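The data block below is structure-v4.cif; it holds mmCIF, C-alpha atoms.
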data_start
#
loop_
_atom_site.label_atom_id
_atom_site.label_comp_id
_atom_site.auth_asym_id
_atom_site.auth_seq_id
_atom_site.Cartn_x
_atom_site.Cartn_y
_atom_site.Cartn_z
CA MET A 23 49.80 111.45 28.81
CA SER A 24 46.75 109.63 30.08
CA THR A 25 46.01 108.04 26.71
CA GLU A 26 49.18 105.99 26.65
CA PRO A 27 48.29 103.80 29.65
CA ASP A 28 44.79 103.44 28.27
CA GLN A 29 46.22 102.29 24.99
CA GLU A 30 48.40 99.83 26.80
CA LEU A 31 45.41 98.53 28.70
CA ASN A 32 43.43 98.21 25.53
CA ASP A 33 46.22 96.25 23.90
CA LEU A 34 46.42 94.02 26.91
CA ALA A 35 42.68 93.50 26.94
CA ARG A 36 42.70 92.74 23.23
CA ALA A 37 45.50 90.23 23.65
CA LEU A 38 43.83 88.59 26.62
CA GLY A 39 40.61 88.39 24.70
CA LYS A 40 42.38 86.40 22.02
CA LEU A 41 43.16 83.71 24.52
CA VAL A 42 40.79 80.86 23.91
CA PRO A 43 39.45 79.16 27.02
CA GLN A 44 39.94 75.44 27.23
CA THR A 45 37.33 73.43 25.47
CA PRO A 46 34.94 72.17 28.13
CA ASN A 47 34.29 68.49 28.35
CA LEU A 48 30.67 69.07 27.68
CA GLN A 49 28.90 66.34 25.78
CA ARG A 50 26.80 68.51 23.56
CA ASP A 51 24.45 65.82 22.31
CA ARG A 52 24.00 64.43 25.78
CA LEU A 53 23.23 67.90 27.06
CA LEU A 54 20.64 68.51 24.35
CA PHE A 55 19.08 65.12 25.04
CA ASP A 56 18.86 65.82 28.76
CA ALA A 57 17.41 69.25 28.07
CA GLY A 58 14.72 67.79 25.86
CA ARG A 59 13.91 65.11 28.40
CA ARG A 60 13.67 67.64 31.18
CA SER A 61 11.42 69.92 29.17
CA GLY A 62 9.23 66.93 28.29
CA ARG A 63 9.06 65.89 31.91
CA ARG A 64 7.24 69.12 32.66
CA ILE A 65 4.50 68.11 30.22
CA VAL A 66 4.27 64.75 31.94
CA HIS A 67 3.95 66.52 35.26
CA LEU A 68 1.13 68.65 33.87
CA GLN A 69 -0.66 65.57 32.55
CA SER A 70 -0.26 63.80 35.86
CA ALA A 71 -1.61 66.79 37.72
CA ALA A 72 -4.59 66.97 35.38
CA ASN A 73 -5.25 63.25 35.83
CA ILE A 74 -5.10 63.53 39.58
CA ALA A 75 -7.44 66.53 39.53
CA LEU A 76 -9.98 64.74 37.35
CA LEU A 77 -9.78 61.59 39.46
CA SER A 78 -10.34 63.62 42.61
CA LEU A 79 -13.32 65.31 40.99
CA CYS A 80 -14.80 61.95 40.02
CA VAL A 81 -14.34 60.59 43.53
CA PHE A 82 -15.94 63.68 45.04
CA LEU A 83 -18.92 63.59 42.69
CA GLY A 84 -19.36 59.87 43.28
CA TYR A 85 -19.33 60.37 47.01
CA ARG A 86 -21.88 63.15 46.74
CA PHE A 87 -24.07 61.02 44.51
CA TRP A 88 -24.11 58.05 46.85
CA SER A 89 -24.46 60.13 49.98
CA LEU A 90 -27.51 62.01 48.76
CA PRO A 91 -30.69 61.12 50.77
CA THR A 92 -33.26 59.19 48.79
CA PRO A 93 -36.36 61.32 48.22
CA ALA A 94 -39.58 60.23 49.97
CA ARG A 95 -41.96 58.38 47.68
CA GLU A 96 -44.94 60.62 46.95
CA VAL A 97 -48.37 59.03 47.00
CA ARG A 98 -50.93 60.97 45.05
CA ILE A 99 -54.65 60.11 45.19
CA VAL A 100 -56.55 61.05 42.08
CA THR A 101 -60.34 60.91 42.02
CA VAL A 102 -61.75 60.06 38.65
CA HIS A 103 -65.43 60.69 38.02
CA VAL A 104 -66.86 57.93 35.88
CA PRO A 105 -70.13 58.87 34.10
CA GLN A 106 -73.14 56.72 34.88
CA PRO A 107 -73.86 54.19 32.19
CA MET A 108 -76.91 54.97 30.13
CA PRO A 109 -79.70 52.41 30.30
CA ILE A 110 -79.98 50.35 27.19
CA GLU A 111 -83.43 50.20 25.75
CA GLN A 112 -84.46 46.63 25.32
CA PRO A 113 -86.49 45.95 22.21
CA THR A 114 -89.94 44.85 23.12
CA VAL A 115 -91.01 42.13 20.83
CA PRO A 116 -94.08 40.11 21.78
CA VAL A 117 -93.16 36.50 22.08
CA ASP A 118 -96.50 34.91 21.50
CA GLU A 119 -97.54 37.32 18.85
CA VAL A 120 -98.76 35.59 15.76
CA MET A 121 -97.36 37.30 12.82
CA PRO A 122 -100.06 38.41 10.41
CA ASP A 123 -99.79 37.56 6.80
CA ILE A 124 -99.16 41.18 5.95
CA ALA A 125 -96.67 43.09 8.03
CA PRO A 126 -97.91 46.38 9.48
CA PRO A 127 -96.31 49.49 7.99
CA ASN A 128 -94.57 50.49 11.19
CA LEU A 129 -92.51 47.31 11.33
CA ARG A 130 -89.10 47.05 9.95
CA PRO A 131 -88.73 45.64 6.49
CA LEU A 132 -88.33 41.93 6.30
CA PRO A 133 -84.99 40.42 5.68
CA PRO A 134 -84.42 39.17 2.20
CA VAL A 135 -86.06 35.84 1.53
CA ILE A 136 -83.98 33.17 0.01
CA VAL A 137 -85.69 31.60 -2.94
CA GLY A 138 -84.29 29.18 -5.40
CA ASN A 139 -80.63 29.56 -6.17
CA GLU A 140 -80.08 32.81 -4.25
CA HIS A 141 -77.46 32.85 -1.54
CA PRO A 142 -79.00 31.70 1.70
CA PRO A 143 -78.45 33.77 4.85
CA THR A 144 -75.66 32.70 7.05
CA TYR A 145 -76.17 31.39 10.52
CA GLY A 146 -74.84 34.60 12.02
CA THR A 147 -77.29 36.69 10.04
CA ILE A 148 -80.17 34.57 11.18
CA GLN A 149 -79.00 34.74 14.76
CA ARG A 150 -78.84 38.53 14.63
CA ASN A 151 -82.25 38.86 13.04
CA ILE A 152 -84.11 36.47 15.30
CA PRO A 153 -84.45 38.92 18.29
CA HIS A 154 -85.87 41.62 16.04
CA TYR A 155 -88.07 39.75 13.62
CA GLY A 156 -88.79 36.55 15.37
CA ASP A 157 -89.44 33.59 13.17
CA ARG A 158 -89.99 35.91 10.26
CA ALA A 159 -86.21 36.12 10.05
CA LEU A 160 -86.09 32.48 9.24
CA PRO A 161 -85.91 31.65 5.61
CA TYR A 162 -88.68 29.87 3.91
CA LEU A 163 -88.27 26.16 4.06
CA PRO A 164 -87.76 24.82 0.63
CA SER A 165 -89.23 21.53 -0.34
CA VAL A 166 -87.30 19.16 -2.48
CA GLU A 167 -89.15 18.15 -5.55
CA GLY A 168 -86.85 16.39 -7.81
CA LYS A 169 -83.74 18.50 -7.83
CA ARG A 170 -85.33 21.93 -7.51
CA LEU A 171 -85.86 23.93 -4.38
CA VAL A 172 -89.32 25.42 -3.99
CA ALA A 173 -90.05 28.14 -1.51
CA GLN A 174 -92.70 27.32 1.10
CA GLU A 175 -94.60 29.29 3.61
CA PRO A 176 -92.72 30.01 6.84
CA THR A 177 -93.32 27.58 9.63
CA ARG A 178 -94.82 28.52 12.91
CA ALA A 179 -92.51 30.32 15.29
CA GLY A 180 -91.26 28.39 18.21
CA SER A 181 -91.67 24.98 16.68
CA ARG A 182 -88.41 23.21 17.20
CA PRO A 183 -88.63 20.75 14.37
CA GLY A 184 -89.39 23.56 11.97
CA PHE A 185 -86.51 25.70 13.22
CA ALA A 186 -84.11 22.84 13.08
CA GLU A 187 -85.32 21.91 9.72
CA SER A 188 -84.90 25.46 8.53
CA LEU A 189 -81.31 25.54 9.81
CA VAL A 190 -80.56 22.30 8.06
CA LEU A 191 -82.16 23.26 4.84
CA THR A 192 -80.79 26.79 4.66
CA PHE A 193 -77.29 25.54 5.08
CA PRO A 194 -75.61 25.54 1.72
CA TRP A 195 -75.98 21.87 0.87
CA ARG A 196 -74.52 20.63 -2.33
CA MET B 15 12.90 75.82 23.89
CA ASP B 16 14.21 75.11 20.45
CA ALA B 17 17.05 72.61 20.38
CA ALA B 18 18.84 74.52 17.64
CA TYR B 19 18.78 77.69 19.71
CA LEU B 20 20.01 75.81 22.74
CA GLY B 21 22.83 74.35 20.69
CA GLN B 22 23.72 77.81 19.47
CA LEU B 23 23.85 79.09 23.04
CA ILE B 24 26.07 76.19 24.03
CA ASP B 25 28.44 76.93 21.20
CA GLU B 26 28.58 80.62 22.04
CA HIS B 27 28.80 80.63 25.82
CA ALA B 28 29.98 77.24 27.00
CA ARG B 29 33.68 78.11 26.94
CA ALA B 30 33.30 81.39 28.79
CA LEU B 31 30.91 79.91 31.27
CA THR B 32 33.26 77.05 31.98
CA LEU B 33 36.13 79.47 32.46
CA TYR B 34 33.94 81.53 34.74
CA ALA B 35 32.89 78.53 36.83
CA ARG B 36 36.46 77.29 37.02
CA GLN B 37 37.23 80.08 39.46
CA TRP B 38 35.32 78.31 42.20
CA CYS B 39 35.11 74.64 41.34
CA LEU B 40 37.52 72.21 39.79
CA VAL B 41 34.94 70.42 37.66
CA PRO B 42 33.03 73.32 36.14
CA GLU B 43 31.42 71.35 33.35
CA ASP B 44 28.80 69.96 35.70
CA VAL B 45 27.79 73.45 36.76
CA VAL B 46 27.63 74.71 33.19
CA GLN B 47 25.63 71.72 32.08
CA GLU B 48 23.19 72.19 34.91
CA ALA B 49 22.85 75.85 33.96
CA PHE B 50 21.92 74.94 30.38
CA LEU B 51 19.47 72.32 31.60
CA LYS B 52 17.90 74.87 33.86
CA LEU B 53 17.62 77.26 30.94
CA ALA B 54 15.96 74.57 28.83
CA SER B 55 13.39 73.89 31.52
CA GLN B 56 12.38 77.54 31.78
CA ARG B 57 8.84 78.24 30.64
CA THR B 58 9.78 81.68 29.37
CA LEU B 59 13.24 82.58 28.28
CA PRO B 60 14.98 85.39 30.16
CA ASP B 61 15.25 88.70 28.40
CA ARG B 62 19.02 88.52 28.25
CA VAL B 63 20.22 84.98 28.18
CA ALA B 64 23.95 85.53 28.65
CA PRO B 65 23.77 87.43 31.96
CA TRP B 66 21.19 84.92 33.15
CA LEU B 67 23.52 82.04 32.35
CA PHE B 68 26.47 83.72 34.07
CA ARG B 69 24.37 84.33 37.15
CA VAL B 70 23.18 80.74 37.30
CA VAL B 71 26.69 79.44 36.77
CA ARG B 72 28.00 81.74 39.46
CA ASN B 73 25.45 80.60 42.00
CA GLY B 74 25.92 76.98 41.04
CA ALA B 75 29.69 77.12 41.17
CA ILE B 76 29.77 78.83 44.55
CA SER B 77 27.27 76.35 45.90
CA HIS B 78 29.24 73.52 44.38
CA ALA B 79 32.44 74.79 45.99
CA ARG B 80 30.79 74.71 49.38
CA SER B 81 29.79 71.09 49.02
CA SER B 82 31.29 68.21 50.91
CA GLU B 83 34.97 67.70 51.35
CA ARG B 84 34.86 64.26 49.82
CA ARG B 85 33.60 65.68 46.57
CA ARG B 86 36.28 68.33 46.70
CA ARG B 87 38.99 65.71 47.02
CA HIS B 88 37.49 63.77 44.15
CA GLU B 89 37.46 66.87 42.00
CA GLU B 90 41.03 67.67 42.90
CA ARG B 91 42.10 64.23 41.73
CA ALA B 92 40.11 64.72 38.56
CA ALA B 93 41.67 68.13 38.00
CA LEU B 94 45.25 67.00 38.36
CA ASN B 95 45.59 66.22 34.68
CA ARG B 96 43.64 69.22 33.62
CA PRO B 97 45.55 71.81 31.54
CA ALA B 98 45.52 75.54 32.08
CA TRP B 99 42.45 77.67 31.73
CA PHE B 100 43.38 78.69 28.19
CA GLN B 101 44.56 76.96 25.11
CA PRO B 102 48.23 77.76 24.41
CA ASP B 103 48.68 79.98 21.40
CA PRO B 104 52.19 81.32 20.64
CA ASP B 105 50.87 83.90 18.21
CA ILE B 106 49.15 85.89 20.91
CA GLY B 107 52.28 86.75 22.88
CA ILE B 108 50.81 85.78 26.24
CA ASP B 109 51.56 82.45 27.78
CA ALA B 110 48.39 80.59 28.64
CA ALA B 111 49.79 79.26 31.92
CA ASP B 112 51.02 82.69 32.98
CA ALA B 113 47.63 84.17 32.20
CA THR B 114 46.00 81.47 34.27
CA VAL B 115 48.26 82.15 37.23
CA ALA B 116 47.76 85.89 36.95
CA LEU B 117 44.03 85.52 36.77
CA ARG B 118 43.99 83.23 39.78
CA GLN B 119 45.84 85.85 41.80
CA LEU B 120 43.25 88.48 41.11
CA PRO B 121 40.65 89.25 43.73
CA GLU B 122 37.55 87.18 43.16
CA GLU B 123 35.20 89.97 42.14
CA THR B 124 37.79 91.54 39.86
CA ARG B 125 38.47 88.19 38.25
CA GLU B 126 34.75 87.76 37.64
CA VAL B 127 34.54 91.13 35.92
CA ILE B 128 37.57 90.43 33.72
CA THR B 129 36.30 87.01 32.76
CA MET B 130 32.77 88.10 31.96
CA HIS B 131 33.89 91.11 29.94
CA LEU B 132 36.83 89.69 28.01
CA TRP B 133 35.68 86.14 27.32
CA GLY B 134 31.97 86.27 28.03
CA GLY B 135 31.35 89.39 25.98
CA LEU B 136 29.08 90.94 28.58
CA THR B 137 28.79 94.68 28.86
CA PHE B 138 29.52 96.45 32.11
CA ALA B 139 25.82 96.93 32.68
CA GLU B 140 25.16 93.23 32.28
CA ILE B 141 28.06 92.39 34.58
CA ALA B 142 26.66 94.79 37.12
CA GLU B 143 23.34 92.98 36.85
CA VAL B 144 25.00 89.64 37.51
CA LEU B 145 26.99 90.91 40.45
CA ASP B 146 24.22 93.12 41.83
CA SER B 147 26.50 96.11 41.56
CA SER B 148 26.73 99.31 39.59
CA SER B 149 28.28 99.82 36.20
CA SER B 150 30.78 102.31 37.53
CA THR B 151 31.95 99.90 40.19
CA VAL B 152 32.29 97.17 37.62
CA HIS B 153 34.25 99.44 35.32
CA ARG B 154 36.53 100.44 38.18
CA LEU B 155 37.14 96.79 39.03
CA TYR B 156 37.86 96.06 35.40
CA LEU B 157 40.50 98.76 35.13
CA ALA B 158 42.08 97.66 38.40
CA GLY B 159 42.26 94.11 37.17
CA LEU B 160 43.83 95.10 33.89
CA HIS B 161 46.46 97.16 35.72
CA TYR B 162 47.31 94.15 37.85
CA LEU B 163 47.53 91.84 34.83
CA ARG B 164 49.71 94.31 33.00
CA GLU B 165 52.14 94.31 35.91
CA ARG B 166 52.19 90.52 35.96
CA LEU B 167 52.20 89.81 32.24
CA GLY B 168 53.68 92.97 30.74
CA VAL B 169 52.20 94.76 27.80
CA PRO B 170 52.18 92.44 24.80
CA CYS B 171 53.58 93.59 21.54
CA PRO B 172 50.77 93.76 19.03
CA GLN B 173 51.33 91.19 16.27
CA ASN B 174 49.48 93.20 13.66
CA PRO B 175 49.12 96.87 14.62
CA THR B 176 46.86 97.67 11.73
CA LYS B 177 44.18 95.36 13.11
CA SER B 178 42.14 96.77 15.89
#

For this file, produce the structure as structure tokens.
Amino acid sequence: MSTEPDQELNDLARALGKLVPQTPNLQRDRLLFDAGRRSGRRIVHLQSAANIALLSLCVFLGYRFWSLPTPAREVRIVTVHVPQPMPIEQPTVPVDEVMPDIAPPNLRPLPPVIVGNEHPPTYGTIQRNIPHYGDRALPYLPSVEGKRLVAQEPTRAGSRPGFAESLVLTFPWR
Amino acid sequence: MDAAYLGQLIDEHARALTLYARQWCLVPEDVVQEAFLKLASQRTLPDRVAPWLFRVVRNGAISHARSSERRRRHEERAALNRPAWFQPDPDIGIDAADATVALRQLPEETREVITMHLWGGLTFAEIAEVLDSSSSTVHRLYLAGLHYLRERLGVPCPQNPTKS
């Protein structure tokens, strides 16, 4: 007896369920477009928030950088011990000593003597040898006989004409 | 949210949601559209989308109905040319206008249960979740509503008894 009303109710519910609601005036494409725009707006909000956060961080760090106190300039005194210079031994060469014809064995060997067509010493070489060997460093003065150069005995040390003459003659004249 | 899925939800639930919102407001499309937009802007989808949509539409429609009087008058003018809640179909055996009138005469909560169950496809548990009620209460309201509609509409003769 109780199943008959239930059956009736089921038939009624089935018939009501077949009723189709009115089609809503929803613009489907417009709705999808708005939904996409709204979901994209959230991304824009996130980007804006990130930008604001980074900008705030930059401003804060800049303020901290400029507000930092400048450190005091440190002056450091360093003592450097410089060693005493060693005295330079001056060569002792007698000025007025007359050179013997034969050099003693303890003396330094004589500079090469320019004879004939050999290369004459340069001015710098002579200048370096003069303090050590005196006028013995001077080359022998050649004498011009015809067109040949003949070696002569060295002139006396200290004689200006002889020295000048030696400089002139030892220069590579052609 | 995927646009295809959102379109599928619109196709499945827009009619029932509009019918559901029509109980409170005369221009229910705005409420339904706002509900879908709110769903699209959700970071995580709700577990059960249909009850969530019905709940949002319910809240929106009630809030919309409480809005200003000027809007109400505007909606009434807009609703003058609006047809009944259902599309007329002579094969069903129930007049669409009569069904609309009978539904309108139901108590509000009962009408909600009938609408959500018959045209929204929600289970009694889901309806209870939307209404913050129990399943037994919802079922009781559903039976009471069907009894009332049967008195108003009469039991329809099934067109094809073999079909269930």

Proximity check chain B to chain A, 9 Å, nearest pairs one decimal Å, all atoms listed in the file, as a Markdown table:
| residue | atom | partner | partner_atom | distance |
| --- | --- | --- | --- | --- |
| B:Met15 | CA | A:Ser61 | CA | 8.1 |
| B:Ala17 | CA | A:Leu54 | CA | 6.7 |
| B:Leu20 | CA | A:Leu54 | CA | 7.5 |
| B:Gly21 | CA | A:Leu54 | CA | 7.2 |
| B:Ile24 | CA | A:Arg50 | CA | 7.7 |
| B:Asp25 | CA | A:Arg50 | CA | 8.9 |
| B:Ala28 | CA | A:Pro46 | CA | 7.2 |
| B:Arg29 | CA | A:Pro43 | CA | 5.9 |
| B:Ala30 | CA | A:Pro43 | CA | 6.8 |
| B:Thr32 | CA | A:Pro46 | CA | 6.4 |
| B:Leu33 | CA | A:Pro43 | CA | 6.4 |
| B:Pro42 | CA | A:Pro46 | CA | 8.3 |
| B:Glu43 | CA | A:Leu48 | CA | 6.2 |
| B:Asp44 | CA | A:Leu48 | CA | 8.3 |
| B:Val46 | CA | A:Leu48 | CA | 8.5 |
| B:Gln47 | CA | A:Leu53 | CA | 6.7 |
| B:Glu48 | CA | A:Leu53 | CA | 8.9 |
| B:Phe50 | CA | A:Ala57 | CA | 7.6 |
| B:Leu51 | CA | A:Ala57 | CA | 5.1 |
| B:Lys52 | CA | A:Ala57 | CA | 8.1 |
| B:Leu53 | CA | A:Ala57 | CA | 8.5 |
| B:Ala54 | CA | A:Ala57 | CA | 5.6 |
| B:Ser55 | CA | A:Ser61 | CA | 5.0 |
| B:Gln56 | CA | A:Ser61 | CA | 8.1 |
| B:Arg57 | CA | A:Ser61 | CA | 8.8 |
| B:Pro97 | CA | A:Gln44 | CA | 8.0 |
| B:Ala98 | CA | A:Gln44 | CA | 7.4 |
| B:Trp99 | CA | A:Gln44 | CA | 5.6 |
| B:Phe100 | CA | A:Pro43 | CA | 4.1 |
| B:Gln101 | CA | A:Gln44 | CA | 5.3 |
| B:Pro102 | CA | A:Leu41 | CA | 7.8 |
| B:Asp103 | CA | A:Leu41 | CA | 7.4 |
| B:Ile106 | CA | A:Ala37 | CA | 6.3 |
| B:Gly107 | CA | A:Ala37 | CA | 7.7 |
| B:Ile108 | CA | A:Ala37 | CA | 7.4 |
| B:Ala110 | CA | A:Leu41 | CA | 7.4 |
| B:Ala113 | CA | A:Leu38 | CA | 8.1 |
| B:His131 | CA | A:Gly39 | CA | 8.9 |
| B:Leu132 | CA | A:Gly39 | CA | 5.2 |
| B:Trp133 | CA | A:Gly39 | CA | 6.0 |
| B:Leu157 | CA | A:Leu31 | CA | 8.1 |
| B:Leu160 | CA | A:Leu31 | CA | 6.4 |
| B:His161 | CA | A:Leu31 | CA | 7.2 |
| B:Leu163 | CA | A:Leu34 | CA | 8.3 |
| B:Arg164 | CA | A:Leu34 | CA | 6.9 |
| B:Leu167 | CA | A:Leu34 | CA | 8.9 |
| B:Gly168 | CA | A:Leu34 | CA | 8.3 |
| B:Val169 | CA | A:Leu34 | CA | 5.9 |
| B:Pro170 | CA | A:Leu34 | CA | 6.3 |
| B:Cys171 | CA | A:Asp33 | CA | 8.2 |
| B:Pro172 | CA | A:Asp33 | CA | 7.1 |
| B:Ser178 | CA | A:Arg36 | CA | 8.4 |

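Among the candidate residues B:Ala75, B:Ala142, B:Ala158, B:Met130, the one lying nearest to Gln37 of chain B is B:Ala75, with distances computed using only C-alpha atoms.
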
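Across the structure, atom CA of Glu111 of chain A and atom CA of Arg150 of chain A are spaced 16.8 Å apart.
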
Q: Work out how far apart atom CA of Ile141 of chain B and atom CA of Val127 of chain B are and give it in Å to one decimal.
A: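 Interatomic distance here is 6.7 Å.
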
(Q) If I take atom CA of Val71 of chain B and atom CA of Leu40 of chain B, how far is one from the other in Å, to one decimal? (A)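 Atom-to-atom, atom CA of Val71 of chain B and atom CA of Leu40 of chain B are spaced 13.4 Å apart.
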
For the PyMOL selection byres ((chain B and resi 120) around 12), applied here, can you spell out every residue it catches as an mmCIF file with C-alpha atoms, in the coordinates of the input?
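Contents of selection-v9.cif, as written:
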data_model
loop_
_atom_site.group_PDB
_atom_site.id
_atom_site.type_symbol
_atom_site.label_atom_id
_atom_site.label_comp_id
_atom_site.auth_asym_id
_atom_site.auth_seq_id
_atom_site.Cartn_x
_atom_site.Cartn_y
_atom_site.Cartn_z
ATOM 1 C CA GLN B 37 37.230 80.080 39.460
ATOM 2 C CA ALA B 113 47.630 84.170 32.200
ATOM 3 C CA THR B 114 46.000 81.470 34.270
ATOM 4 C CA VAL B 115 48.260 82.150 37.230
ATOM 5 C CA ALA B 116 47.760 85.890 36.950
ATOM 6 C CA LEU B 117 44.030 85.520 36.770
ATOM 7 C CA ARG B 118 43.990 83.230 39.780
ATOM 8 C CA GLN B 119 45.840 85.850 41.800
ATOM 9 C CA PRO B 121 40.650 89.250 43.730
ATOM 10 C CA GLU B 122 37.550 87.180 43.160
ATOM 11 C CA GLU B 123 35.200 89.970 42.140
ATOM 12 C CA THR B 124 37.790 91.540 39.860
ATOM 13 C CA ARG B 125 38.470 88.190 38.250
ATOM 14 C CA GLU B 126 34.750 87.760 37.640
ATOM 15 C CA VAL B 127 34.540 91.130 35.920
ATOM 16 C CA ILE B 128 37.570 90.430 33.720
ATOM 17 C CA THR B 129 36.300 87.010 32.760
ATOM 18 C CA LEU B 155 37.140 96.790 39.030
ATOM 19 C CA TYR B 156 37.860 96.060 35.400
ATOM 20 C CA ALA B 158 42.080 97.660 38.400
ATOM 21 C CA GLY B 159 42.260 94.110 37.170
ATOM 22 C CA LEU B 160 43.830 95.100 33.890
ATOM 23 C CA HIS B 161 46.460 97.160 35.720
ATOM 24 C CA TYR B 162 47.310 94.150 37.850
ATOM 25 C CA LEU B 163 47.530 91.840 34.830
ATOM 26 C CA ARG B 164 49.710 94.310 33.000
ATOM 27 C CA GLU B 165 52.140 94.310 35.910
ATOM 28 C CA ARG B 166 52.190 90.520 35.960
#

Q. Between B:Asp16, B:Trp38, B:Glu26, B:His153, which one has atoms that come closest to Leu67 of chain B, using only C-alpha atoms?
A.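 Nearest candidate to Leu67 of chain B out of B:Asp16, B:Trp38, B:Glu26, B:His153: B:Glu26.
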
Q.
From the options B:Ala35, B:Ala18, B:Thr151, B:Ala139, which residue's atoms come nearest to Ala79 of chain B, counting all atoms listed in the file?
A.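 So, comparing all the options, the nearest one is B:Ala35.
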
Could segment 122-136 of chain B be completed with N, CA, C and O atoms and written as an mmCIF file, in the coordinates of the input, please?
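Generated output (part.cif):
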data_model
loop_
_atom_site.group_PDB
_atom_site.id
_atom_site.type_symbol
_atom_site.label_atom_id
_atom_site.label_comp_id
_atom_site.auth_asym_id
_atom_site.auth_seq_id
_atom_site.Cartn_x
_atom_site.Cartn_y
_atom_site.Cartn_z
ATOM 1 N N GLU B 122 38.613 87.972 43.776
ATOM 2 C CA GLU B 122 37.550 87.180 43.160
ATOM 3 C C GLU B 122 36.603 88.032 42.315
ATOM 4 O O GLU B 122 36.296 87.704 41.168
ATOM 5 N N GLU B 123 36.168 89.143 42.866
ATOM 6 C CA GLU B 123 35.200 89.970 42.140
ATOM 7 C C GLU B 123 35.837 90.580 40.894
ATOM 8 O O GLU B 123 35.213 90.648 39.824
ATOM 9 N N THR B 124 37.094 90.985 41.019
ATOM 10 C CA THR B 124 37.790 91.540 39.860
ATOM 11 C C THR B 124 37.960 90.478 38.780
ATOM 12 O O THR B 124 37.806 90.743 37.579
ATOM 13 N N ARG B 125 38.305 89.286 39.205
ATOM 14 C CA ARG B 125 38.470 88.190 38.250
ATOM 15 C C ARG B 125 37.145 87.902 37.524
ATOM 16 O O ARG B 125 37.121 87.636 36.329
ATOM 17 N N GLU B 126 36.057 87.970 38.273
ATOM 18 C CA GLU B 126 34.750 87.760 37.640
ATOM 19 C C GLU B 126 34.488 88.794 36.549
ATOM 20 O O GLU B 126 34.036 88.471 35.447
ATOM 21 N N VAL B 127 34.808 90.061 36.888
ATOM 22 C CA VAL B 127 34.540 91.130 35.920
ATOM 23 C C VAL B 127 35.387 90.937 34.668
ATOM 24 O O VAL B 127 34.899 91.042 33.524
ATOM 25 N N ILE B 128 36.667 90.635 34.866
ATOM 26 C CA ILE B 128 37.570 90.430 33.720
ATOM 27 C C ILE B 128 37.078 89.272 32.854
ATOM 28 O O ILE B 128 37.020 89.353 31.620
ATOM 29 N N THR B 129 36.719 88.202 33.514
ATOM 30 C CA THR B 129 36.300 87.010 32.760
ATOM 31 C C THR B 129 35.024 87.274 31.976
ATOM 32 O O THR B 129 34.919 86.928 30.789
ATOM 33 N N MET B 130 34.054 87.871 32.644
ATOM 34 C CA MET B 130 32.770 88.100 31.960
ATOM 35 C C MET B 130 32.911 89.092 30.822
ATOM 36 O O MET B 130 32.257 88.969 29.784
ATOM 37 N N HIS B 131 33.792 90.084 30.981
ATOM 38 C CA HIS B 131 33.890 91.110 29.940
ATOM 39 C C HIS B 131 34.764 90.645 28.773
ATOM 40 O O HIS B 131 34.381 90.823 27.606
ATOM 41 N N LEU B 132 35.898 90.036 29.087
ATOM 42 C CA LEU B 132 36.830 89.690 28.010
ATOM 43 C C LEU B 132 36.410 88.426 27.272
ATOM 44 O O LEU B 132 36.480 88.370 26.049
ATOM 45 N N TRP B 133 35.962 87.427 27.991
ATOM 46 C CA TRP B 133 35.680 86.140 27.320
ATOM 47 C C TRP B 133 34.184 85.840 27.252
ATOM 48 O O TRP B 133 33.777 85.026 26.459
ATOM 49 N N GLY B 134 33.414 86.464 28.105
ATOM 50 C CA GLY B 134 31.970 86.270 28.030
ATOM 51 C C GLY B 134 31.262 87.263 27.141
ATOM 52 O O GLY B 134 30.135 87.027 26.715
ATOM 53 N N GLY B 135 31.934 88.386 26.861
ATOM 54 C CA GLY B 135 31.350 89.390 25.980
ATOM 55 C C GLY B 135 30.240 90.202 26.608
ATOM 56 O O GLY B 135 29.475 90.865 25.895
ATOM 57 N N LEU B 136 30.140 90.181 27.913
ATOM 58 C CA LEU B 136 29.080 90.940 28.580
ATOM 59 C C LEU B 136 29.497 92.399 28.710
ATOM 60 O O LEU B 136 30.689 92.709 28.888
#
